[in-house]
Structures are given as structure tokens and as C-alpha cells.
Amino acid sequence: MGLFTRAKEDAPCTVEVSHLFESLHAHVRFNNGAVINPGDEVLVHGAPIMAAYGEVITEDRTATITRANWLERTWTKLTGDFEFMELCEFAFSEEITL
């Protein structure tokens, strides 16, 4: 894999979608042990999984992993902390009484 090239690989995966009061999540587990690195992209094939309230649905699917090249991986590592800070909400206020 070169400096600007991107490799693709298909991987079998298990998708779990939960829509419970205790947990609302969607998880993908790669059955072949594939590891996702910073900057990699994952596309899970198939129709969207819609879990009704109170359901947990588990399906076997195939995913395509597009590996980031060296430049993308380095850029993601360097800027990842800044993007995380966009998710944080900070409020500084002073209570003033009249």
C-alpha cells in the first residue's frame, strides 16, 4: 500500500441493532478478526435494519473496508482530537442578580 493508494477488502460481519429502553445502539463485529484503524471507512451491505421498540435484531452481513492511506491515517490522528471537541458543549455563565 503506497502513500496515496487505498486498499479495499470484504469482510463477513455481524450487525446488532438494539432499540430497548436500557440500550439504543448499533454494533458491527467483524467475524474474520479485521481491525479498523484511524481513517478507515466501513460500508455494510444490505437493506437498513429497523428494530421496533423493545427489539434486538442480529444479522450476518458483508462489509467492505476501505483502508486509509498513510496521509489520511496521519491526518486523522492529528485532527481527531479537534473534531471530538466539536461534540462537547461548554457553557460558562455567571449568575447576576439585579
# chains A, B, ... in the order shown; residues from 1 in each chain; ligands from 1
>>> select_by_dssp(residues="segment 37-78 of chain A", states="strand (DSSP E or B)", output="JSON, numbers by chain")
{"A": [41, 42, 43, 44, 55, 56, 57, 58, 59, 60, 61, 62, 63, 64, 65, 66]}
>>> residues_around(residues="segment 22-38 of chain A", least_positions_apart="2", cutoff="8 Å", atoms="only C-alpha atoms", output="NGL selection string")
:A and (11-20 or 40 or 67-68 or 73 or 76-77)
>>> write_last_selection(atoms="all heavy atoms", output="CSV table (one decimal), in the first residue's frame")
chain,number,residue,atom,x,y,z
A,11,ALA,N,-15.3,-8.2,4.2
A,11,ALA,CA,-15.2,-9.0,5.5
A,11,ALA,C,-16.6,-9.4,5.9
A,11,ALA,O,-17.5,-8.6,5.9
A,11,ALA,CB,-14.5,-8.1,6.6
A,12,PRO,N,-16.7,-10.6,6.4
A,12,PRO,CA,-18.0,-11.0,6.9
A,12,PRO,C,-18.2,-10.4,8.3
A,12,PRO,O,-17.2,-10.2,9.0
A,12,PRO,CB,-17.9,-12.5,7.0
A,12,PRO,CG,-16.5,-12.8,7.2
A,12,PRO,CD,-15.8,-11.7,6.4
A,13,CYS,N,-19.4,-9.9,8.6
A,13,CYS,CA,-19.6,-9.3,9.9
A,13,CYS,C,-21.0,-9.6,10.4
A,13,CYS,O,-21.9,-10.1,9.8
A,13,CYS,CB,-19.5,-7.8,9.7
A,13,CYS,SG,-20.8,-7.0,8.6
A,14,THR,N,-21.2,-9.3,11.7
A,14,THR,CA,-22.4,-9.5,12.4
A,14,THR,C,-22.9,-8.1,12.9
A,14,THR,O,-22.1,-7.4,13.5
A,14,THR,CB,-22.3,-10.4,13.6
A,14,THR,OG1,-21.8,-11.7,13.2
A,14,THR,CG2,-23.6,-10.6,14.3
A,15,VAL,N,-24.1,-7.7,12.5
A,15,VAL,CA,-24.7,-6.4,12.9
A,15,VAL,C,-25.7,-6.7,14.0
A,15,VAL,O,-26.6,-7.5,13.8
A,15,VAL,CB,-25.3,-5.7,11.7
A,15,VAL,CG1,-25.9,-4.4,12.1
A,15,VAL,CG2,-24.3,-5.6,10.6
A,16,GLU,N,-25.6,-5.9,15.0
A,16,GLU,CA,-26.6,-6.0,16.1
A,16,GLU,C,-27.2,-4.6,16.3
A,16,GLU,O,-26.5,-3.6,16.5
A,16,GLU,CB,-26.0,-6.5,17.4
A,16,GLU,CG,-27.0,-6.5,18.6
A,16,GLU,CD,-26.4,-6.9,19.9
A,16,GLU,OE1,-26.2,-8.1,20.1
A,16,GLU,OE2,-26.0,-6.0,20.6
A,17,VAL,N,-28.5,-4.5,16.2
A,17,VAL,CA,-29.3,-3.3,16.4
A,17,VAL,C,-30.2,-3.5,17.5
A,17,VAL,O,-31.0,-4.4,17.5
A,17,VAL,CB,-30.0,-2.9,15.1
A,17,VAL,CG1,-30.8,-1.6,15.3
A,17,VAL,CG2,-29.1,-2.7,13.9
A,18,SER,N,-30.1,-2.6,18.5
A,18,SER,CA,-30.9,-2.7,19.7
A,18,SER,C,-31.7,-1.4,19.9
A,18,SER,O,-31.2,-0.3,19.8
A,18,SER,CB,-30.0,-2.9,21.0
A,18,SER,OG,-30.8,-2.8,22.2
A,19,HIS,N,-33.0,-1.6,20.2
A,19,HIS,CA,-33.9,-0.5,20.4
A,19,HIS,C,-34.7,-0.8,21.7
A,19,HIS,O,-35.9,-1.0,21.7
A,19,HIS,CB,-34.9,-0.3,19.3
A,19,HIS,CG,-35.7,1.0,19.3
A,19,HIS,ND1,-36.5,1.3,18.4
A,19,HIS,CD2,-35.7,2.0,20.2
A,19,HIS,CE1,-37.1,2.5,18.7
A,19,HIS,NE2,-36.6,2.9,19.8
A,20,LEU,N,-34.0,-0.7,22.8
A,20,LEU,CA,-34.6,-1.0,24.1
A,20,LEU,C,-34.5,0.3,25.0
A,20,LEU,O,-33.8,1.2,24.7
A,20,LEU,CB,-33.8,-2.1,24.9
A,20,LEU,CG,-33.7,-3.5,24.2
A,20,LEU,CD1,-32.7,-4.4,24.9
A,20,LEU,CD2,-35.0,-4.1,24.0
A,40,ASP,N,-10.0,4.7,8.3
A,40,ASP,CA,-10.6,3.7,7.5
A,40,ASP,C,-12.1,3.9,7.4
A,40,ASP,O,-12.7,4.5,8.3
A,40,ASP,CB,-10.4,2.3,8.1
A,40,ASP,CG,-8.9,1.8,8.1
A,40,ASP,OD1,-8.2,2.5,7.3
A,40,ASP,OD2,-8.6,0.8,8.7
A,67,ARG,N,-9.4,0.9,3.3
A,67,ARG,CA,-8.2,1.3,4.2
A,67,ARG,C,-7.7,2.7,3.8
A,67,ARG,O,-7.6,3.0,2.7
A,67,ARG,CB,-7.1,0.3,4.1
A,67,ARG,CG,-7.5,-1.1,4.5
A,67,ARG,CD,-7.7,-1.2,6.0
A,67,ARG,NE,-8.1,-2.6,6.4
A,67,ARG,CZ,-8.4,-2.9,7.6
A,67,ARG,NH1,-8.4,-2.0,8.5
A,67,ARG,NH2,-8.7,-4.1,7.9
A,68,ALA,N,-7.5,3.5,4.8
A,68,ALA,CA,-6.9,4.8,4.6
A,68,ALA,C,-5.4,4.7,4.2
A,68,ALA,O,-4.7,3.8,4.7
A,68,ALA,CB,-7.0,5.6,5.9
A,73,ARG,N,-4.5,8.5,7.2
A,73,ARG,CA,-4.3,8.0,8.6
A,73,ARG,C,-3.6,9.0,9.5
A,73,ARG,O,-4.1,9.2,10.6
A,73,ARG,CB,-3.6,6.6,8.5
A,73,ARG,CG,-3.6,5.8,9.8
A,73,ARG,CD,-3.1,4.4,9.6
A,73,ARG,NE,-1.8,4.3,8.9
A,73,ARG,CZ,-1.7,3.8,7.6
A,73,ARG,NH1,-2.8,3.4,7.0
A,73,ARG,NH2,-0.6,3.8,7.0
A,76,THR,N,-5.9,12.0,10.2
A,76,THR,CA,-7.0,11.6,11.1
A,76,THR,C,-6.5,11.6,12.5
A,76,THR,O,-7.1,12.1,13.5
A,76,THR,CB,-7.6,10.3,10.8
A,76,THR,OG1,-8.1,10.3,9.4
A,76,THR,CG2,-8.7,9.9,11.7
A,77,LYS,N,-5.3,11.1,12.7
A,77,LYS,CA,-4.7,11.0,14.1
A,77,LYS,C,-4.4,12.4,14.6
A,77,LYS,O,-4.6,12.7,15.7
A,77,LYS,CB,-3.4,10.2,14.0
A,77,LYS,CG,-3.6,8.7,13.9
A,77,LYS,CD,-2.3,8.0,13.9
A,77,LYS,CE,-2.4,6.5,13.7
A,77,LYS,NZ,-1.2,5.8,13.6
>>> residues_around(residues="Glu41 of chain A", least_positions_apart="2", cutoff="7 Å", atoms="only C-alpha atoms", output="ChimeraX atom specification")
/A:39,43,65-67
>>> write_last_selection(atoms="C-alpha atoms", output="PDB file, in the first residue's frame")
ATOM      1  CA  GLY A  39      -9.233   6.991   8.760  1.00  0.00           C
ATOM      2  CA  LEU A  43     -19.702   0.120   4.315  1.00  0.00           C
ATOM      3  CA  ILE A  65     -13.452  -1.936   4.482  1.00  0.00           C
ATOM      4  CA  THR A  66     -11.631   0.837   2.616  1.00  0.00           C
ATOM      5  CA  ARG A  67      -8.249   1.280   4.210  1.00  0.00           C
TER       6      ARG A  67
END
>>> closest_residue(among="A:Val56, A:Asn69, A:Thr74, A:Glu9", to="Val42 of chain A", atoms="only C-alpha atoms")
A:Glu9
>>> closest_residue(among="A:Ile49, A:Ile57, A:Asp10, A:Thr5", to="Glu72 of chain A", atoms="only C-alpha atoms")
A:Thr5
